[in-house]
Each structure stands twice: as structure tokens, then as C-alpha cells.
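K.L.:
This is model-v4.txt, which holds compact mmCIF, C-alpha atoms:
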```txt
# COMPACT_ATOMS: atom_id res chain seq x y z
CA MET A 1 19.58 -10.95 5.17
CA PRO A 2 20.81 -8.52 2.50
CA ARG A 3 18.69 -5.49 1.69
CA LEU A 4 16.18 -6.14 -1.08
CA ALA A 5 16.32 -3.85 -4.08
CA TRP A 6 13.57 -1.28 -4.38
CA ILE A 7 11.46 -1.55 -7.49
CA LEU A 8 9.18 1.31 -8.42
CA PHE A 9 6.91 1.93 -11.35
CA VAL A 10 5.40 5.37 -11.81
CA ALA A 11 2.69 6.56 -14.20
CA ALA A 12 3.30 9.36 -16.67
CA CYS A 13 1.69 12.04 -14.52
CA LEU A 14 4.25 11.55 -11.76
CA PRO A 15 7.63 13.10 -12.68
CA VAL A 16 10.65 10.92 -11.90
CA THR A 17 14.06 12.36 -12.59
CA GLY A 18 15.87 10.33 -15.22
CA ALA A 19 12.96 7.95 -15.86
CA ARG A 20 11.02 7.68 -19.10
CA ALA A 21 7.34 8.58 -18.82
CA GLN A 22 4.92 5.67 -18.97
CA ALA A 23 1.27 5.59 -19.97
CA PRO A 24 -1.10 6.08 -17.03
CA ALA A 25 -2.24 2.77 -15.56
CA ALA A 26 -5.90 1.78 -15.31
CA PRO A 27 -7.62 1.75 -11.91
CA VAL A 28 -7.30 -1.51 -10.00
CA GLU A 29 -10.27 -3.20 -8.37
CA PHE A 30 -9.69 -6.04 -5.95
CA VAL A 31 -12.61 -7.87 -4.36
CA LEU A 32 -11.56 -10.12 -1.48
CA GLU A 33 -12.89 -11.32 1.87
CA ASP A 34 -11.39 -10.89 5.31
CA GLN A 35 -11.14 -13.38 8.17
CA PHE A 36 -14.68 -12.45 9.25
CA LYS A 37 -15.94 -13.27 5.74
CA ASN A 38 -16.76 -9.63 5.08
CA ARG A 39 -16.55 -8.58 1.45
CA ARG A 40 -13.72 -6.08 0.95
CA GLU A 41 -13.31 -3.95 -2.17
CA THR A 42 -10.65 -1.42 -3.08
CA ALA A 43 -13.27 0.43 -5.15
CA ARG A 44 -15.10 1.35 -1.93
CA LEU A 45 -11.98 3.17 -0.74
CA ARG A 46 -11.88 5.44 -3.80
CA GLY A 47 -11.11 9.01 -2.82
CA ASP A 48 -8.48 7.90 -0.31
CA VAL A 49 -4.98 6.49 -0.77
CA VAL A 50 -4.84 2.70 -0.37
CA VAL A 51 -1.62 1.03 0.74
CA LEU A 52 -1.78 -2.74 0.27
CA VAL A 53 0.84 -4.46 2.42
CA TYR A 54 0.83 -8.06 1.25
CA ALA A 55 2.96 -11.13 1.78
CA GLU A 56 2.95 -14.90 1.70
CA ARG A 57 3.23 -16.71 5.03
CA TYR A 58 7.01 -16.43 5.41
CA GLY A 59 6.83 -12.66 5.04
CA ALA A 60 3.71 -12.21 7.17
CA GLU A 61 5.40 -11.10 10.39
CA ALA A 62 7.47 -8.41 8.68
CA ALA A 63 4.39 -7.29 6.74
CA VAL A 64 2.41 -6.86 9.98
CA ASP A 65 5.21 -4.75 11.47
CA LEU A 66 5.47 -2.55 8.39
CA GLY A 67 1.70 -2.14 8.11
CA ARG A 68 1.42 -1.09 11.74
CA ARG A 69 4.25 1.39 11.35
CA LEU A 70 2.63 2.98 8.30
CA HIS A 71 -0.81 3.13 9.91
CA VAL A 72 0.49 4.82 13.05
CA ARG A 73 2.46 7.32 10.97
CA PHE A 74 -0.74 8.61 9.34
CA HIS A 75 -3.00 7.92 12.36
CA PRO A 76 -0.75 8.78 15.33
CA THR A 77 -3.44 8.35 17.99
CA ALA A 78 -3.52 4.65 17.08
CA ALA A 79 -0.27 4.27 19.04
CA THR A 80 -2.21 4.54 22.31
CA ALA A 81 -5.66 3.37 21.19
CA ALA A 82 -7.36 0.22 22.42
CA PRO A 83 -7.02 -2.76 20.04
CA GLU A 84 -10.66 -2.60 18.98
CA GLN A 85 -10.29 1.11 18.13
CA TRP A 86 -6.84 0.94 16.57
CA ALA A 87 -8.01 0.82 12.95
CA THR A 88 -10.56 3.64 13.26
CA GLN A 89 -8.35 6.48 14.47
CA PRO A 90 -8.48 9.83 12.59
CA VAL A 91 -5.96 10.56 9.87
CA VAL A 92 -3.68 13.61 10.06
CA ALA A 93 -3.77 16.02 7.12
CA PRO A 94 -0.65 16.44 4.98
CA ALA A 95 1.25 19.71 5.32
CA GLY A 96 -0.36 22.37 3.15
CA TRP A 97 -3.85 20.85 3.19
CA PRO A 98 -6.63 23.49 3.39
CA ALA A 99 -8.08 23.94 6.89
CA GLY A 100 -11.64 22.73 7.31
CA LEU A 101 -11.47 20.38 4.32
CA ARG A 102 -11.47 16.61 4.85
CA PRO A 103 -8.09 15.21 3.79
CA PRO A 104 -7.86 11.88 1.93
CA ASP A 105 -7.39 9.04 4.38
CA VAL A 106 -4.60 6.49 4.09
CA HIS A 107 -5.97 2.96 4.30
CA VAL A 108 -3.13 0.60 5.15
CA VAL A 109 -4.61 -2.78 4.25
CA PRO A 110 -2.91 -6.00 5.41
CA VAL A 111 -3.34 -8.80 2.88
CA ALA A 112 -2.45 -12.43 3.55
CA CYS A 113 -1.57 -14.21 0.30
CA VAL A 114 -2.41 -17.88 0.82
CA PRO A 115 -2.95 -19.55 -2.58
CA GLU A 116 -1.59 -22.81 -1.18
CA VAL A 117 -4.68 -23.22 1.04
CA PRO A 118 -7.25 -25.45 -0.73
CA LYS A 119 -10.83 -24.23 -0.86
CA ALA A 120 -11.94 -26.93 1.56
CA LEU A 121 -9.68 -25.38 4.21
CA HIS A 122 -10.55 -21.71 3.66
CA ALA A 123 -12.80 -21.75 6.73
CA VAL A 124 -9.95 -23.15 8.81
CA ALA A 125 -7.60 -20.40 7.59
CA ARG A 126 -10.17 -17.74 8.48
CA SER A 127 -10.72 -19.25 11.93
CA ARG A 128 -7.01 -19.26 12.69
CA LEU A 129 -6.62 -15.69 11.50
CA ARG A 130 -9.56 -14.55 13.65
CA LYS A 131 -7.69 -15.84 16.69
CA GLU A 132 -4.48 -14.10 15.65
CA SER A 133 -6.19 -10.85 14.62
CA PRO A 134 -9.55 -10.54 16.44
CA HIS A 135 -9.98 -6.81 15.78
CA LEU A 136 -8.03 -5.82 12.68
CA SER A 137 -9.49 -6.87 9.33
CA VAL A 138 -7.00 -8.85 7.24
CA TRP A 139 -7.86 -9.41 3.60
CA LEU A 140 -7.31 -12.95 2.34
CA ASP A 141 -5.97 -13.47 -1.17
CA PHE A 142 -6.60 -17.13 -1.92
CA ASP A 143 -6.17 -16.68 -5.69
CA ASP A 144 -2.87 -14.77 -5.82
CA ASP A 145 -4.61 -11.71 -7.30
CA LEU A 146 -2.06 -9.26 -5.91
CA LYS A 147 0.91 -11.28 -7.09
CA ARG A 148 -0.52 -11.37 -10.60
CA ALA A 149 -1.24 -7.65 -10.55
CA PHE A 150 1.94 -6.36 -8.91
CA GLY A 151 4.35 -9.25 -8.50
CA MET A 152 5.79 -10.43 -5.21
CA VAL A 153 9.07 -10.95 -3.39
CA ASP A 154 8.75 -14.04 -1.20
CA GLY A 155 9.71 -13.95 2.46
CA ALA A 156 9.18 -10.20 2.78
CA PRO A 157 6.42 -7.58 2.79
CA ASN A 158 5.37 -6.07 -0.52
CA THR A 159 3.74 -2.63 -0.57
CA ALA A 160 1.51 -1.42 -3.41
CA VAL A 161 0.40 2.23 -3.33
CA VAL A 162 -2.90 3.09 -5.02
CA ASP A 163 -3.89 6.74 -5.44
CA THR A 164 -7.24 8.40 -4.76
CA ALA A 165 -8.46 7.58 -8.28
CA GLY A 166 -7.69 3.87 -7.81
CA ILE A 167 -4.59 3.94 -10.01
CA PRO A 168 -1.52 1.99 -8.82
CA ARG A 169 1.47 4.30 -8.41
CA GLY A 170 4.24 2.17 -6.99
CA VAL A 171 5.27 -1.28 -5.78
CA VAL A 172 7.88 -1.54 -3.05
CA PRO A 173 9.20 -4.99 -2.11
CA GLY A 174 11.03 -5.56 1.14
CA VAL A 175 11.39 -3.70 4.42
CA PRO A 176 12.38 -0.05 3.87
CA ASP A 177 15.18 1.43 5.92
CA GLU A 178 14.56 4.74 7.71
CA ARG A 179 15.31 6.92 4.69
CA ARG A 180 13.22 4.86 2.31
CA PHE A 181 10.36 4.80 4.80
CA GLU A 182 10.33 8.60 4.97
CA GLU A 183 10.41 8.79 1.16
CA LEU A 184 7.44 6.43 0.99
CA VAL A 185 5.52 8.56 3.50
CA GLY A 186 6.31 11.68 1.48
CA PHE A 187 5.21 9.96 -1.71
CA ILE A 188 1.86 9.01 -0.15
CA ASP A 189 1.32 12.55 1.14
CA GLY A 190 2.13 13.87 -2.34
CA LEU A 191 -0.67 11.74 -3.76
CA ARG A 192 -3.02 13.09 -1.11
CA LEU A 193 -2.10 16.70 -1.91
CA ALA A 194 -2.69 16.03 -5.62
CA ALA A 195 -6.32 15.27 -4.78
CA ARG A 196 -7.05 18.80 -3.56
CA PRO A 197 -10.28 20.10 -5.11
CA GLY A 198 -10.63 23.29 -7.09
CA PRO A 199 -8.24 24.75 -9.66
CA ARG A 200 -5.34 22.61 -8.37
CA VAL A 201 -7.05 19.25 -9.05
CA ALA A 202 -4.34 18.27 -11.52
CA THR A 203 -1.49 19.34 -9.24
CA LEU A 204 1.22 16.71 -9.22
CA PRO A 205 2.86 15.37 -6.07
CA PRO A 206 6.04 17.39 -5.50
CA THR A 207 9.17 15.71 -6.78
CA SER A 208 10.78 16.07 -3.37
CA ALA A 209 8.03 13.89 -1.88
CA MET A 210 8.59 10.97 -4.24
CA PRO A 211 10.65 7.88 -3.53
CA VAL A 212 14.12 8.09 -5.07
CA PRO A 213 15.41 5.02 -6.96
CA LEU A 214 18.62 3.42 -5.74
CA PRO A 215 21.60 5.35 -7.19
CA ALA A 216 23.21 2.31 -8.79
CA ALA A 217 20.12 0.29 -9.61
CA PRO A 218 20.67 -1.98 -12.62
CA PRO A 219 18.29 -1.65 -15.60
CA ALA A 220 16.44 -4.80 -14.53
CA ALA A 221 15.48 -3.12 -11.26
CA VAL A 222 13.12 -0.72 -13.00
CA VAL A 223 9.90 -2.55 -13.72
CA PRO A 224 7.08 -1.29 -15.96
CA ALA A 225 3.44 -1.27 -14.99
CA GLY A 226 3.27 -5.08 -15.10
CA GLY A 227 5.03 -5.24 -11.76
CA ILE A 228 7.71 -7.61 -10.48
CA ARG A 229 8.29 -10.83 -12.39
```
For this file, produce the structure as C-alpha cells.

P.N.:
Amino acid sequence: MPRLAWILFVAACLPVTGARAQAPAAPVEFVLEDQFKNRRETARLRGDVVVLVYAERYGAEAAVDLGRRLHVRFHPTAATAAPEQWATQPVVAPAGWPAGLRPPDVHVVPVACVPEVPKALHAVARSRLRKESPHLSVWLDFDDDLKRAFGMVDGAPNTAVVDTAGIPRGVVPGVPDERRFEELVGFIDGLRLAARPGPRVATLPPTSAMPVPLPAAPPAAVVPAGGIR
């Protein structure tokens, strides 16, 4: 399968070389339920970085793999933790974070986009997902909320990064190669560093930590805040 193009949108406060500044986006607030019928809200994760890894059913397996990889990168003890403790491991601070100060967490949230499931079968979908994922909470998007907000590439994972203020900062469709993965990790850590309290509150993520667009990306590959169409 050929590599999917990377599509990034960045708000005006994040400097991207060669890209025109855009108006800052408004905070996003998603309210969904997981397979245990628990209410899940992005607003409750404010203060931390939220990484929504979402996909329709044909991209679900790749999305699970990517989500696990991202979670372990920021919570390395999860690699050896018991399944029931996997999601609650401590986050590592980004380089340069002040000692003794709680760093912003990175919540990697798996989202199953299943708008094709009729309401009468929602309970069946939850039951099946509970068997497949008995410990890890998976948010269920029955109404295609994420696709409308960010767009979606079918058959692949889609990754939306939301900063500590709840503002979406980037949408990455597809499975990143090793270099792109490291750029994404650096981008997320840059958002965490920008949340440092005190006189550096407005500090921007360093340019070196931001994802770099593909060198020969066509104009259509740069998407404004509306997301992928």
C-alpha cells in the first residue's frame, strides 16, 4: 500500500517554515461514550495533550498499533505493565521540564468510528468491543463527530493532536514512518513545554520539534483548519 500523504494544519501561534499563519482555532469538545458506557469528554482532559487516534473499522487494527506505540513512548513502563494497569502508567516529562513540577500528560485516546451501526445495535457493538478490549477504554463515535471535525482517511489510522488548552494543532492521516513518528513525538513534547507556568507561559514549541511537511507536497496537501475533505 503506498504511503499516505501527511496533512497538517497549524494555528497561527505555531511557526511553520514556509506556511502562511492561520487564525487560532477554537477549543474542541467531544462528548462520547466508551464500550463500558462511561461518558468520556475531551474537556475533562484539559491541561494535558490529547491525541485522538481514530479510524473506521478497516483501519482499526493499524490504529490500535499506532495508539499503543504512542502511549508506550510517553509512558514507557506500560511496555511491561499488566493489561489492567497499562493505561494508568506515569508519563515521562519532556526534556527541559522543571524538576518537581507535574508535566502535562499525553492521553492517547483510541476512538472507533462506527456511524454505520444503527442505534438499535449500539449495545451489541459495545458488548463486542468489551470482549476485544476488556481493560482499555475505547471511545465510540457513532455520529462521525471526528470525521466532521477533522476529516478522515479510510482504511488507516487518523491522528488528531489537541493541545493543553483544548485547541486542535494537527491532523495526521496514515501510519507514520520512523522519521515522521519521531517528528510527531517532538511536536507533542513541544506543546507540553509550551504549557510551562510562569513567565514562559506563551513560549512556543520549538520549530525543531514540529512535524515537517513533505518536501514536494502539492498545494492540495495543505489543509486549513477545516481538516481533510

K.L.:
Nearest to Phe181 in chain A among A:Leu129, A:Glu33, A:Gly67, A:Gly59, with distances taken over only C-alpha atoms: which residue is it?

P.N.:
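Distance minimum relative to Phe181 in chain A lands on A:Gly67.
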
K.L.:
Can you tell me how far CA of Asp145 in chain A sits from CA of Lys131 in chain A, in Å to one decimal?

P.N.:
24.5 Å

K.L.:
For Gly155 in chain A, list every protein, DNA or RNA residue within 10 Å, evaluated using all atoms listed in the file, and leave out those in the same chain fewer than 6 positions away; present the list as a PyMOL selection string.

P.N.:
chain A and resi 55-63+174

K.L.:
Show which residues sit within 12 Å of range 42-47 of chain A, as a PDB file with C-alpha atoms, in the frame of the given file. Count all atoms listed in the file, and ignore same-chain residues fewer than 4 positions away.

P.N.:
```
ATOM      1  CA  PRO A  27      -7.620   1.750 -11.910  1.00  0.00           C
ATOM      2  CA  VAL A  28      -7.300  -1.510 -10.000  1.00  0.00           C
ATOM      3  CA  GLU A  29     -10.270  -3.200  -8.370  1.00  0.00           C
ATOM      4  CA  PHE A  30      -9.690  -6.040  -5.950  1.00  0.00           C
ATOM      5  CA  VAL A  31     -12.610  -7.870  -4.360  1.00  0.00           C
ATOM      6  CA  LEU A  32     -11.560 -10.120  -1.480  1.00  0.00           C
ATOM      7  CA  GLU A  33     -12.890 -11.320   1.870  1.00  0.00           C
ATOM      8  CA  VAL A  51      -1.620   1.030   0.740  1.00  0.00           C
ATOM      9  CA  LEU A  52      -1.780  -2.740   0.270  1.00  0.00           C
ATOM     10  CA  ARG A 102     -11.470  16.610   4.850  1.00  0.00           C
ATOM     11  CA  PRO A 103      -8.090  15.210   3.790  1.00  0.00           C
ATOM     12  CA  PRO A 104      -7.860  11.880   1.930  1.00  0.00           C
ATOM     13  CA  ASP A 105      -7.390   9.040   4.380  1.00  0.00           C
ATOM     14  CA  VAL A 106      -4.600   6.490   4.090  1.00  0.00           C
ATOM     15  CA  HIS A 107      -5.970   2.960   4.300  1.00  0.00           C
ATOM     16  CA  VAL A 108      -3.130   0.600   5.150  1.00  0.00           C
ATOM     17  CA  VAL A 109      -4.610  -2.780   4.250  1.00  0.00           C
ATOM     18  CA  VAL A 111      -3.340  -8.800   2.880  1.00  0.00           C
ATOM     19  CA  TRP A 139      -7.860  -9.410   3.600  1.00  0.00           C
ATOM     20  CA  LEU A 146      -2.060  -9.260  -5.910  1.00  0.00           C
ATOM     21  CA  VAL A 161       0.400   2.230  -3.330  1.00  0.00           C
ATOM     22  CA  VAL A 162      -2.900   3.090  -5.020  1.00  0.00           C
ATOM     23  CA  ASP A 163      -3.890   6.740  -5.440  1.00  0.00           C
ATOM     24  CA  THR A 164      -7.240   8.400  -4.760  1.00  0.00           C
ATOM     25  CA  ALA A 165      -8.460   7.580  -8.280  1.00  0.00           C
ATOM     26  CA  GLY A 166      -7.690   3.870  -7.810  1.00  0.00           C
ATOM     27  CA  ILE A 167      -4.590   3.940 -10.010  1.00  0.00           C
ATOM     28  CA  PRO A 168      -1.520   1.990  -8.820  1.00  0.00           C
ATOM     29  CA  LEU A 191      -0.670  11.740  -3.760  1.00  0.00           C
ATOM     30  CA  ARG A 192      -3.020  13.090  -1.110  1.00  0.00           C
ATOM     31  CA  LEU A 193      -2.100  16.700  -1.910  1.00  0.00           C
ATOM     32  CA  ALA A 194      -2.690  16.030  -5.620  1.00  0.00           C
ATOM     33  CA  ALA A 195      -6.320  15.270  -4.780  1.00  0.00           C
ATOM     34  CA  ARG A 196      -7.050  18.800  -3.560  1.00  0.00           C
ATOM     35  CA  PRO A 197     -10.280  20.100  -5.110  1.00  0.00           C
TER      36      PRO A 197
END
```

K.L.:
Give the answer as one residue: which of A:Arg180, A:Val153, A:Pro134, A:Lys147 has the shortest atom-to-atom distance to Gln85 in chain A, using only C-alpha atoms?

P.N.:
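Counting only C-alpha atoms, the residue closest to Gln85 in chain A is A:Pro134.
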
K.L.:
So the first atom is CA of Leu136 in chain A and the second is CA of His75 in chain A; what is the distance between them in Å, to one decimal place?

P.N.:
14.6 Å

K.L.:
Please compute the CA of Ala125 in chain A-CA of Asp154 in chain A distance, one decimal, in Å.

P.N.:
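So the two atoms, CA of Ala125 in chain A and CA of Asp154 in chain A, lie 19.6 Å apart.
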
K.L.:
Step by step: start from the point (2.5, -8.7, -1.9) in the file's coordinates, keep every protein, DNA or RNA residue that has an atom no farther than 7 Å from it, count only C-alpha atoms, and write the set as a PyMOL selection string.

P.N.:
chain A and resi 53-55+146-147+151-152+157-159

K.L.:
Of the candidates A:Ala123, A:Pro176, A:Val72, A:Phe36, which shows the shortest atom-to-atom distance to Trp86 in chain A, using only C-alpha atoms?

P.N.:
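Using only C-alpha atoms, Trp86 in chain A sits closest to A:Val72.
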